[in-house]
>>> print(open('my_file31.txt').read())   # compact mmCIF, N, CA and C atoms
# COMPACT_ATOMS: atom_id res chain seq x y z
N MET A 1 -11.99 124.65 -242.19
CA MET A 1 -12.72 124.26 -241.01
C MET A 1 -14.23 124.44 -241.22
N ALA A 2 -14.59 125.50 -241.94
CA ALA A 2 -16.01 125.74 -242.19
C ALA A 2 -16.60 124.61 -243.04
N PHE A 3 -15.84 124.15 -244.02
CA PHE A 3 -16.32 123.05 -244.87
C PHE A 3 -16.48 121.77 -244.05
N ASP A 4 -15.53 121.50 -243.15
CA ASP A 4 -15.65 120.33 -242.29
C ASP A 4 -16.90 120.41 -241.42
N ALA A 5 -17.18 121.59 -240.88
CA ALA A 5 -18.38 121.77 -240.06
C ALA A 5 -19.63 121.54 -240.91
N TYR A 6 -19.63 122.03 -242.13
CA TYR A 6 -20.77 121.83 -243.03
C TYR A 6 -20.95 120.33 -243.30
N ARG A 7 -19.87 119.64 -243.61
CA ARG A 7 -19.95 118.20 -243.90
C ARG A 7 -20.50 117.43 -242.71
N ARG A 8 -20.12 117.81 -241.52
CA ARG A 8 -20.63 117.14 -240.32
C ARG A 8 -22.12 117.38 -240.14
N SER A 9 -22.64 118.48 -240.67
CA SER A 9 -24.05 118.80 -240.51
C SER A 9 -24.94 118.08 -241.53
N VAL A 10 -24.33 117.46 -242.50
CA VAL A 10 -25.09 116.78 -243.56
C VAL A 10 -25.31 115.31 -243.17
N CYS A 11 -26.55 114.87 -243.30
CA CYS A 11 -26.89 113.48 -243.01
C CYS A 11 -26.18 112.57 -244.02
N GLU A 12 -25.48 111.57 -243.51
CA GLU A 12 -24.75 110.66 -244.39
C GLU A 12 -25.67 109.82 -245.26
N GLN A 13 -26.88 109.59 -244.80
CA GLN A 13 -27.79 108.74 -245.56
C GLN A 13 -28.56 109.51 -246.63
N CYS A 14 -29.18 110.64 -246.26
CA CYS A 14 -30.03 111.32 -247.24
C CYS A 14 -29.41 112.58 -247.84
N GLY A 15 -28.34 113.10 -247.23
CA GLY A 15 -27.65 114.26 -247.79
C GLY A 15 -28.27 115.60 -247.45
N THR A 16 -29.27 115.63 -246.56
CA THR A 16 -29.85 116.92 -246.17
C THR A 16 -29.29 117.35 -244.83
N ARG A 17 -29.58 118.61 -244.47
CA ARG A 17 -29.17 119.14 -243.17
C ARG A 17 -30.41 119.41 -242.34
N ALA A 18 -30.32 119.26 -241.04
CA ALA A 18 -31.46 119.48 -240.15
C ALA A 18 -32.06 120.87 -240.34
N ALA A 19 -31.23 121.88 -240.56
CA ALA A 19 -31.72 123.26 -240.71
C ALA A 19 -32.63 123.40 -241.93
N GLU A 20 -32.43 122.57 -242.93
CA GLU A 20 -33.28 122.64 -244.13
C GLU A 20 -34.73 122.26 -243.81
N TRP A 21 -34.92 121.48 -242.77
CA TRP A 21 -36.26 121.03 -242.38
C TRP A 21 -36.86 121.88 -241.26
N ASP A 22 -36.01 122.61 -240.54
CA ASP A 22 -36.42 123.34 -239.34
C ASP A 22 -36.98 124.71 -239.70
N GLU A 23 -38.28 124.90 -239.49
CA GLU A 23 -38.92 126.16 -239.84
C GLU A 23 -38.38 127.33 -239.02
N GLU A 24 -37.87 127.05 -237.81
CA GLU A 24 -37.28 128.12 -236.99
C GLU A 24 -35.95 128.61 -237.57
N CYS A 25 -35.38 127.85 -238.47
CA CYS A 25 -34.12 128.25 -239.15
C CYS A 25 -34.40 128.59 -240.61
N ASN A 26 -35.62 129.04 -240.89
CA ASN A 26 -36.06 129.34 -242.26
C ASN A 26 -36.08 128.11 -243.17
N GLY A 27 -36.19 126.95 -242.56
CA GLY A 27 -36.32 125.72 -243.32
C GLY A 27 -37.78 125.43 -243.63
N ASP A 28 -38.02 124.33 -244.25
CA ASP A 28 -39.37 123.94 -244.65
C ASP A 28 -39.55 122.45 -244.39
N ARG A 29 -40.52 122.10 -243.57
CA ARG A 29 -40.79 120.71 -243.25
C ARG A 29 -41.04 119.87 -244.50
N PHE A 30 -41.47 120.53 -245.56
CA PHE A 30 -41.75 119.83 -246.81
C PHE A 30 -40.79 120.27 -247.91
N ALA A 31 -39.54 120.52 -247.53
CA ALA A 31 -38.53 121.01 -248.47
C ALA A 31 -38.17 119.98 -249.55
N TYR A 32 -38.35 118.73 -249.25
CA TYR A 32 -38.00 117.67 -250.19
C TYR A 32 -39.17 116.72 -250.36
N VAL A 33 -39.19 116.05 -251.46
CA VAL A 33 -40.13 114.95 -251.67
C VAL A 33 -39.30 113.72 -252.00
N THR A 34 -39.85 112.57 -251.70
CA THR A 34 -39.11 111.34 -251.99
C THR A 34 -39.28 110.94 -253.45
N THR A 35 -38.33 110.22 -253.92
CA THR A 35 -38.38 109.66 -255.26
C THR A 35 -37.75 108.27 -255.19
N THR A 36 -38.23 107.40 -255.98
CA THR A 36 -37.69 106.04 -256.00
C THR A 36 -36.90 105.85 -257.28
N VAL A 37 -35.68 105.39 -257.12
CA VAL A 37 -34.80 105.16 -258.26
C VAL A 37 -34.22 103.76 -258.12
N ARG A 38 -34.24 103.02 -259.19
CA ARG A 38 -33.62 101.70 -259.17
C ARG A 38 -32.27 101.79 -259.87
N CYS A 39 -31.25 101.41 -259.15
CA CYS A 39 -29.90 101.37 -259.71
C CYS A 39 -29.58 99.90 -260.01
N VAL A 40 -29.36 99.58 -261.26
CA VAL A 40 -29.08 98.21 -261.64
C VAL A 40 -27.79 97.73 -260.98
N GLY A 41 -26.81 98.60 -260.83
CA GLY A 41 -25.56 98.22 -260.17
C GLY A 41 -25.80 97.82 -258.73
N CYS A 42 -26.59 98.61 -258.01
CA CYS A 42 -26.91 98.28 -256.61
C CYS A 42 -27.71 96.98 -256.55
N GLU A 43 -28.58 96.77 -257.52
CA GLU A 43 -29.37 95.54 -257.58
C GLU A 43 -28.45 94.32 -257.74
N LEU A 44 -27.48 94.43 -258.63
CA LEU A 44 -26.53 93.33 -258.84
C LEU A 44 -25.71 93.05 -257.58
N ILE A 45 -25.27 94.12 -256.92
CA ILE A 45 -24.49 93.95 -255.70
C ILE A 45 -25.34 93.27 -254.62
N THR A 46 -26.58 93.71 -254.45
CA THR A 46 -27.46 93.12 -253.44
C THR A 46 -27.71 91.65 -253.73
N THR A 47 -27.93 91.32 -254.99
CA THR A 47 -28.15 89.92 -255.37
C THR A 47 -26.92 89.08 -255.05
N GLU A 48 -25.75 89.59 -255.38
CA GLU A 48 -24.51 88.84 -255.13
C GLU A 48 -24.22 88.72 -253.64
N GLN A 49 -24.58 89.74 -252.86
CA GLN A 49 -24.35 89.69 -251.41
C GLN A 49 -25.11 88.53 -250.77
N GLN A 50 -26.21 88.14 -251.37
CA GLN A 50 -27.00 87.05 -250.83
C GLN A 50 -26.27 85.71 -250.94
N THR A 51 -25.22 85.64 -251.77
CA THR A 51 -24.46 84.40 -251.91
C THR A 51 -23.27 84.33 -250.95
N VAL A 52 -22.99 85.42 -250.26
CA VAL A 52 -21.86 85.44 -249.31
C VAL A 52 -22.24 84.60 -248.09
N PRO A 53 -21.40 83.64 -247.74
CA PRO A 53 -21.73 82.78 -246.60
C PRO A 53 -21.75 83.53 -245.28
N GLU A 54 -22.56 83.03 -244.36
CA GLU A 54 -22.59 83.56 -243.00
C GLU A 54 -21.33 83.09 -242.26
N GLY A 55 -20.96 83.79 -241.21
CA GLY A 55 -19.86 83.36 -240.36
C GLY A 55 -18.50 83.66 -240.95
N PRO A 56 -17.47 82.97 -240.44
CA PRO A 56 -16.09 83.27 -240.82
C PRO A 56 -15.81 83.22 -242.32
N ASP A 57 -16.47 82.34 -243.05
CA ASP A 57 -16.22 82.27 -244.50
C ASP A 57 -16.66 83.54 -245.23
N GLY A 58 -17.57 84.28 -244.63
CA GLY A 58 -18.04 85.50 -245.26
C GLY A 58 -17.41 86.76 -244.70
N TYR A 59 -16.61 86.63 -243.64
CA TYR A 59 -15.98 87.81 -243.04
C TYR A 59 -15.09 88.51 -244.06
N GLY A 60 -15.22 89.80 -244.16
CA GLY A 60 -14.36 90.61 -245.03
C GLY A 60 -14.73 90.57 -246.50
N VAL A 61 -15.77 89.83 -246.86
CA VAL A 61 -16.16 89.74 -248.27
C VAL A 61 -16.93 91.00 -248.64
N ARG A 62 -16.46 91.67 -249.67
CA ARG A 62 -17.14 92.85 -250.20
C ARG A 62 -17.45 92.60 -251.66
N ILE A 63 -18.58 93.07 -252.08
CA ILE A 63 -19.00 92.92 -253.47
C ILE A 63 -18.86 94.28 -254.14
N GLY A 64 -18.25 94.31 -255.29
CA GLY A 64 -18.08 95.56 -256.03
C GLY A 64 -18.41 95.34 -257.50
N LEU A 65 -18.29 96.37 -258.26
CA LEU A 65 -18.55 96.32 -259.70
C LEU A 65 -17.27 96.61 -260.47
N VAL A 66 -17.06 95.87 -261.54
CA VAL A 66 -15.92 96.05 -262.43
C VAL A 66 -16.49 96.15 -263.84
N PRO A 67 -16.02 97.09 -264.65
CA PRO A 67 -16.50 97.16 -266.03
C PRO A 67 -16.29 95.82 -266.74
N ARG A 68 -17.28 95.39 -267.52
CA ARG A 68 -17.20 94.10 -268.20
C ARG A 68 -15.94 93.98 -269.05
N THR A 69 -15.55 95.05 -269.74
CA THR A 69 -14.37 94.97 -270.60
C THR A 69 -13.12 94.65 -269.78
N ALA A 70 -13.00 95.25 -268.60
CA ALA A 70 -11.84 94.98 -267.74
C ALA A 70 -11.91 93.54 -267.22
N TRP A 71 -13.11 93.08 -266.84
CA TRP A 71 -13.27 91.71 -266.35
C TRP A 71 -12.92 90.70 -267.44
N GLU A 72 -13.40 90.94 -268.67
CA GLU A 72 -13.11 90.03 -269.77
C GLU A 72 -11.62 90.01 -270.09
N ALA A 73 -10.97 91.17 -270.06
CA ALA A 73 -9.53 91.22 -270.31
C ALA A 73 -8.78 90.41 -269.26
N ARG A 74 -9.20 90.53 -268.02
CA ARG A 74 -8.55 89.78 -266.93
C ARG A 74 -8.76 88.28 -267.11
N GLN A 75 -9.97 87.88 -267.54
CA GLN A 75 -10.24 86.47 -267.78
C GLN A 75 -9.37 85.93 -268.91
N THR A 76 -9.21 86.73 -269.95
CA THR A 76 -8.36 86.33 -271.08
C THR A 76 -6.92 86.17 -270.63
N GLU A 77 -6.41 87.13 -269.86
CA GLU A 77 -5.04 87.04 -269.35
C GLU A 77 -4.87 85.80 -268.49
N SER A 78 -5.85 85.53 -267.65
CA SER A 78 -5.79 84.37 -266.77
C SER A 78 -5.79 83.08 -267.59
N TRP A 79 -6.62 83.02 -268.62
CA TRP A 79 -6.70 81.83 -269.46
C TRP A 79 -5.38 81.60 -270.19
N HIS A 80 -4.80 82.67 -270.74
CA HIS A 80 -3.52 82.54 -271.45
C HIS A 80 -2.41 82.12 -270.49
N GLY A 81 -2.44 82.65 -269.28
CA GLY A 81 -1.43 82.28 -268.28
C GLY A 81 -1.52 80.80 -267.94
N ARG A 82 -2.73 80.27 -267.79
CA ARG A 82 -2.90 78.84 -267.47
C ARG A 82 -2.44 77.98 -268.63
N ARG A 83 -2.67 78.42 -269.85
CA ARG A 83 -2.26 77.63 -271.02
C ARG A 83 -0.75 77.57 -271.12
N GLN A 84 -0.06 78.60 -270.62
CA GLN A 84 1.39 78.64 -270.70
C GLN A 84 2.03 78.11 -269.42
N GLY A 85 1.24 77.51 -268.55
CA GLY A 85 1.76 76.90 -267.34
C GLY A 85 2.02 77.86 -266.20
N GLN A 86 1.51 79.08 -266.31
CA GLN A 86 1.68 80.05 -265.23
C GLN A 86 0.52 79.90 -264.25
N PRO A 87 0.72 80.22 -262.99
CA PRO A 87 -0.37 80.13 -262.01
C PRO A 87 -1.47 81.12 -262.26
>>> encode(input="my_file31.txt", output="structure tokens")
Amino acid sequence: MAFDAYRRSVCEQCGTRAAEWDEECNGDRFAYVTTTVRCVGCELITTEQQTVPEGPDGYGVRIGLVPRTAWEARQTESWHGRRQGQP
């Protein structure tokens, strides 16, 4: 239960807790500094999301990442299946 309470106190977006910033709780208003990080995976997902159609055709569409080796293996399996008359 204590861990659940702790998890609820953590901001889902930045991962900090209000008490860490609150000087009345021994926190520090300047406890953290920002840093900018570019994630190539997130960049690829954002780029692909721009191709998802608006409206019903885009409902439920999620973009994810798959390791290239797994994707290539799946493409090869699919190609072999089509050559052998499988769907």
>>> select_by_dssp(input="my_file31.txt", residues="chain A", states="alpha helix (DSSP H)", output="JSON, numbers by chain")
{"A": [2, 3, 4, 5, 6, 7, 8, 9, 18, 19, 20, 21, 40, 41, 42, 43, 44, 45, 46, 47, 48, 49, 68, 69, 70, 71, 72, 73, 74, 75, 76, 77, 78, 79, 80, 81, 82, 83]}
>>> residues_around(input="my_file31.txt", residues="A:Ile63", least_positions_apart="3", cutoff="8 Å", atoms="only N, CA and C atoms", output="ChimeraX atom specification")
/A:44-46,48-49,60,66
>>> write_last_selection(input="my_file31.txt", atoms="N, CA and C atoms", output="PDB file, in the coordinates of the input")
ATOM      1  N   LEU A  44     -27.480  94.430-258.630  1.00  0.00           N
ATOM      2  CA  LEU A  44     -26.530  93.330-258.840  1.00  0.00           C
ATOM      3  C   LEU A  44     -25.710  93.050-257.580  1.00  0.00           C
ATOM      4  N   ILE A  45     -25.270  94.120-256.920  1.00  0.00           N
ATOM      5  CA  ILE A  45     -24.490  93.950-255.700  1.00  0.00           C
ATOM      6  C   ILE A  45     -25.340  93.270-254.620  1.00  0.00           C
ATOM      7  N   THR A  46     -26.580  93.710-254.450  1.00  0.00           N
ATOM      8  CA  THR A  46     -27.460  93.120-253.440  1.00  0.00           C
ATOM      9  C   THR A  46     -27.710  91.650-253.730  1.00  0.00           C
ATOM     10  N   GLU A  48     -25.750  89.590-255.380  1.00  0.00           N
ATOM     11  CA  GLU A  48     -24.510  88.840-255.130  1.00  0.00           C
ATOM     12  C   GLU A  48     -24.220  88.720-253.640  1.00  0.00           C
ATOM     13  N   GLN A  49     -24.580  89.740-252.860  1.00  0.00           N
ATOM     14  CA  GLN A  49     -24.350  89.690-251.410  1.00  0.00           C
ATOM     15  C   GLN A  49     -25.110  88.530-250.770  1.00  0.00           C
ATOM     16  N   GLY A  60     -15.220  89.800-244.160  1.00  0.00           N
ATOM     17  CA  GLY A  60     -14.360  90.610-245.030  1.00  0.00           C
ATOM     18  C   GLY A  60     -14.730  90.570-246.500  1.00  0.00           C
ATOM     19  N   VAL A  66     -17.060  95.870-261.540  1.00  0.00           N
ATOM     20  CA  VAL A  66     -15.920  96.050-262.430  1.00  0.00           C
ATOM     21  C   VAL A  66     -16.490  96.150-263.840  1.00  0.00           C
TER      22      VAL A  66
END
>>> atom_distance(input="my_file31.txt", atom1="atom CA of A:Arg8", atom2="atom CA of A:Thr35")
24.4 Å
>>> atom_distance(input="my_file31.txt", atom1="atom CA of A:Thr76", atom2="atom C of A:Thr47")
24.7 Å
>>> atom_distance(input="my_file31.txt", atom1="atom C of A:Val37", atom2="atom C of A:Glu12")
16.6 Å
>>> axis_aligned_box(input="my_file31.txt", around="stretch 65-79 of chain A", padding_each_side="6 Å", output="lines of an AutoDock Vina configuration file")
center_x = -11.7
center_y = 89.4
center_z = -264.7
size_x = 25.7
size_y = 27.6
size_z = 24.8
>>> residues_around(input="my_file31.txt", residues="stretch 27-33 of chain A", least_positions_apart="2", cutoff="12 Å", atoms="only C-alpha atoms", output="ChimeraX atom specification")
/A:14-25,35-36
>>> decode(input="my_file31.txt", residues="stretch 36-76 of chain A", atoms="N, CA and C atoms", output="mmCIF file, in the first residue's frame")
data_model
loop_
_atom_site.group_PDB
_atom_site.id
_atom_site.type_symbol
_atom_site.label_atom_id
_atom_site.label_comp_id
_atom_site.auth_asym_id
_atom_site.auth_seq_id
_atom_site.Cartn_x
_atom_site.Cartn_y
_atom_site.Cartn_z
ATOM 1 N N THR A 36 17.516 18.472 -22.601
ATOM 2 C CA THR A 36 16.838 18.105 -23.839
ATOM 3 C C THR A 36 17.518 16.877 -24.417
ATOM 4 N N VAL A 37 16.718 15.877 -24.714
ATOM 5 C CA VAL A 37 17.226 14.633 -25.268
ATOM 6 C C VAL A 37 16.394 14.290 -26.496
ATOM 7 N N ARG A 38 17.050 13.943 -27.558
ATOM 8 C CA ARG A 38 16.316 13.510 -28.750
ATOM 9 C C ARG A 38 16.373 11.988 -28.824
ATOM 10 N N CYS A 39 15.211 11.397 -28.861
ATOM 11 C CA CYS A 39 15.100 9.946 -29.014
ATOM 12 C C CYS A 39 14.721 9.671 -30.466
ATOM 13 N N VAL A 40 15.570 8.984 -31.186
ATOM 14 C CA VAL A 40 15.302 8.698 -32.591
ATOM 15 C C VAL A 40 14.044 7.848 -32.727
ATOM 16 N N GLY A 41 13.804 6.936 -31.798
ATOM 17 C CA GLY A 41 12.595 6.113 -31.840
ATOM 18 C C GLY A 41 11.344 6.971 -31.732
ATOM 19 N N CYS A 42 11.337 7.909 -30.790
ATOM 20 C CA CYS A 42 10.188 8.810 -30.636
ATOM 21 C C CYS A 42 10.027 9.682 -31.871
ATOM 22 N N GLU A 43 11.140 10.084 -32.465
ATOM 23 C CA GLU A 43 11.090 10.891 -33.689
ATOM 24 C C GLU A 43 10.432 10.099 -34.822
ATOM 25 N N LEU A 44 10.808 8.840 -34.971
ATOM 26 C CA LEU A 44 10.211 8.001 -36.012
ATOM 27 C C LEU A 44 8.712 7.808 -35.780
ATOM 28 N N ILE A 45 8.333 7.584 -34.526
ATOM 29 C CA ILE A 45 6.923 7.397 -34.204
ATOM 30 C C ILE A 45 6.141 8.671 -34.519
ATOM 31 N N THR A 46 6.667 9.827 -34.129
ATOM 32 C CA THR A 46 5.982 11.094 -34.389
ATOM 33 C C THR A 46 5.833 11.334 -35.881
ATOM 34 N N THR A 47 6.866 11.045 -36.640
ATOM 35 C CA THR A 47 6.805 11.218 -38.095
ATOM 36 C C THR A 47 5.734 10.310 -38.695
ATOM 37 N N GLU A 48 5.693 9.070 -38.259
ATOM 38 C CA GLU A 48 4.709 8.120 -38.795
ATOM 39 C C GLU A 48 3.295 8.487 -38.370
ATOM 40 N N GLN A 49 3.133 9.040 -37.165
ATOM 41 C CA GLN A 49 1.805 9.435 -36.692
ATOM 42 C C GLN A 49 1.187 10.501 -37.595
ATOM 43 N N GLN A 50 2.022 11.281 -38.241
ATOM 44 C CA GLN A 50 1.523 12.319 -39.129
ATOM 45 C C GLN A 50 0.847 11.738 -40.369
ATOM 46 N N THR A 51 1.084 10.452 -40.652
ATOM 47 C CA THR A 51 0.462 9.817 -41.817
ATOM 48 C C THR A 51 -0.868 9.145 -41.475
ATOM 49 N N VAL A 52 -1.196 9.079 -40.197
ATOM 50 C CA VAL A 52 -2.457 8.443 -39.779
ATOM 51 C C VAL A 52 -3.615 9.367 -40.161
ATOM 52 N N PRO A 53 -4.590 8.847 -40.882
ATOM 53 C CA PRO A 53 -5.703 9.697 -41.312
ATOM 54 C C PRO A 53 -6.553 10.185 -40.149
ATOM 55 N N GLU A 54 -7.157 11.347 -40.349
ATOM 56 C CA GLU A 54 -8.110 11.886 -39.379
ATOM 57 C C GLU A 54 -9.415 11.102 -39.485
ATOM 58 N N GLY A 55 -10.213 11.136 -38.439
ATOM 59 C CA GLY A 55 -11.538 10.527 -38.470
ATOM 60 C C GLY A 55 -11.510 9.019 -38.315
ATOM 61 N N PRO A 56 -12.605 8.365 -38.714
ATOM 62 C CA PRO A 56 -12.766 6.929 -38.482
ATOM 63 C C PRO A 56 -11.636 6.060 -39.026
ATOM 64 N N ASP A 57 -11.042 6.437 -40.155
ATOM 65 C CA ASP A 57 -9.954 5.619 -40.706
ATOM 66 C C ASP A 57 -8.724 5.596 -39.803
ATOM 67 N N GLY A 58 -8.591 6.603 -38.959
ATOM 68 C CA GLY A 58 -7.448 6.656 -38.060
ATOM 69 C C GLY A 58 -7.750 6.192 -36.649
ATOM 70 N N TYR A 59 -9.021 5.920 -36.355
ATOM 71 C CA TYR A 59 -9.391 5.489 -35.001
ATOM 72 C C TYR A 59 -8.665 4.194 -34.641
ATOM 73 N N GLY A 60 -8.082 4.152 -33.478
ATOM 74 C CA GLY A 60 -7.440 2.944 -32.972
ATOM 75 C C GLY A 60 -6.063 2.672 -33.549
ATOM 76 N N VAL A 61 -5.571 3.529 -34.430
ATOM 77 C CA VAL A 61 -4.256 3.311 -35.030
ATOM 78 C C VAL A 61 -3.192 3.738 -34.032
ATOM 79 N N ARG A 62 -2.290 2.823 -33.731
ATOM 80 C CA ARG A 62 -1.156 3.114 -32.852
ATOM 81 C C ARG A 62 0.120 2.816 -33.623
ATOM 82 N N ILE A 63 1.103 3.619 -33.399
ATOM 83 C CA ILE A 63 2.396 3.437 -34.043
ATOM 84 C C ILE A 63 3.366 2.907 -32.995
ATOM 85 N N GLY A 64 4.089 1.872 -33.337
ATOM 86 C CA GLY A 64 5.066 1.299 -32.415
ATOM 87 C C GLY A 64 6.367 1.017 -33.147
ATOM 88 N N LEU A 65 7.310 0.488 -32.444
ATOM 89 C CA LEU A 65 8.608 0.138 -33.006
ATOM 90 C C LEU A 65 8.814 -1.367 -32.928
ATOM 91 N N VAL A 66 9.376 -1.928 -33.981
ATOM 92 C CA VAL A 66 9.710 -3.347 -34.048
ATOM 93 C C VAL A 66 11.172 -3.424 -34.481
ATOM 94 N N PRO A 67 11.976 -4.276 -33.856
ATOM 95 C CA PRO A 67 13.362 -4.408 -34.303
ATOM 96 C C PRO A 67 13.418 -4.773 -35.791
ATOM 97 N N ARG A 68 14.342 -4.159 -36.523
ATOM 98 C CA ARG A 68 14.437 -4.389 -37.960
ATOM 99 C C ARG A 68 14.585 -5.873 -38.292
ATOM 100 N N THR A 69 15.366 -6.609 -37.509
ATOM 101 C CA THR A 69 15.565 -8.026 -37.810
ATOM 102 C C THR A 69 14.244 -8.793 -37.740
ATOM 103 N N ALA A 70 13.409 -8.472 -36.759
ATOM 104 C CA ALA A 70 12.103 -9.136 -36.643
ATOM 105 C C ALA A 70 11.206 -8.732 -37.806
ATOM 106 N N TRP A 71 11.226 -7.442 -38.188
ATOM 107 C CA TRP A 71 10.414 -6.963 -39.304
ATOM 108 C C TRP A 71 10.843 -7.641 -40.603
ATOM 109 N N GLU A 72 12.159 -7.736 -40.836
ATOM 110 C CA GLU A 72 12.653 -8.375 -42.059
ATOM 111 C C GLU A 72 12.292 -9.853 -42.092
ATOM 112 N N ALA A 73 12.386 -10.527 -40.955
ATOM 113 C CA ALA A 73 12.015 -11.945 -40.905
ATOM 114 C C ALA A 73 10.539 -12.110 -41.245
ATOM 115 N N ARG A 74 9.715 -11.233 -40.731
ATOM 116 C CA ARG A 74 8.266 -11.299 -41.016
ATOM 117 C C ARG A 74 7.998 -11.044 -42.491
ATOM 118 N N GLN A 75 8.725 -10.096 -43.090
ATOM 119 C CA GLN A 75 8.561 -9.812 -44.509
ATOM 120 C C GLN A 75 8.958 -11.022 -45.353
ATOM 121 N N THR A 76 10.039 -11.671 -44.958
ATOM 122 C CA THR A 76 10.496 -12.864 -45.676
ATOM 123 C C THR A 76 9.463 -13.978 -45.572
#
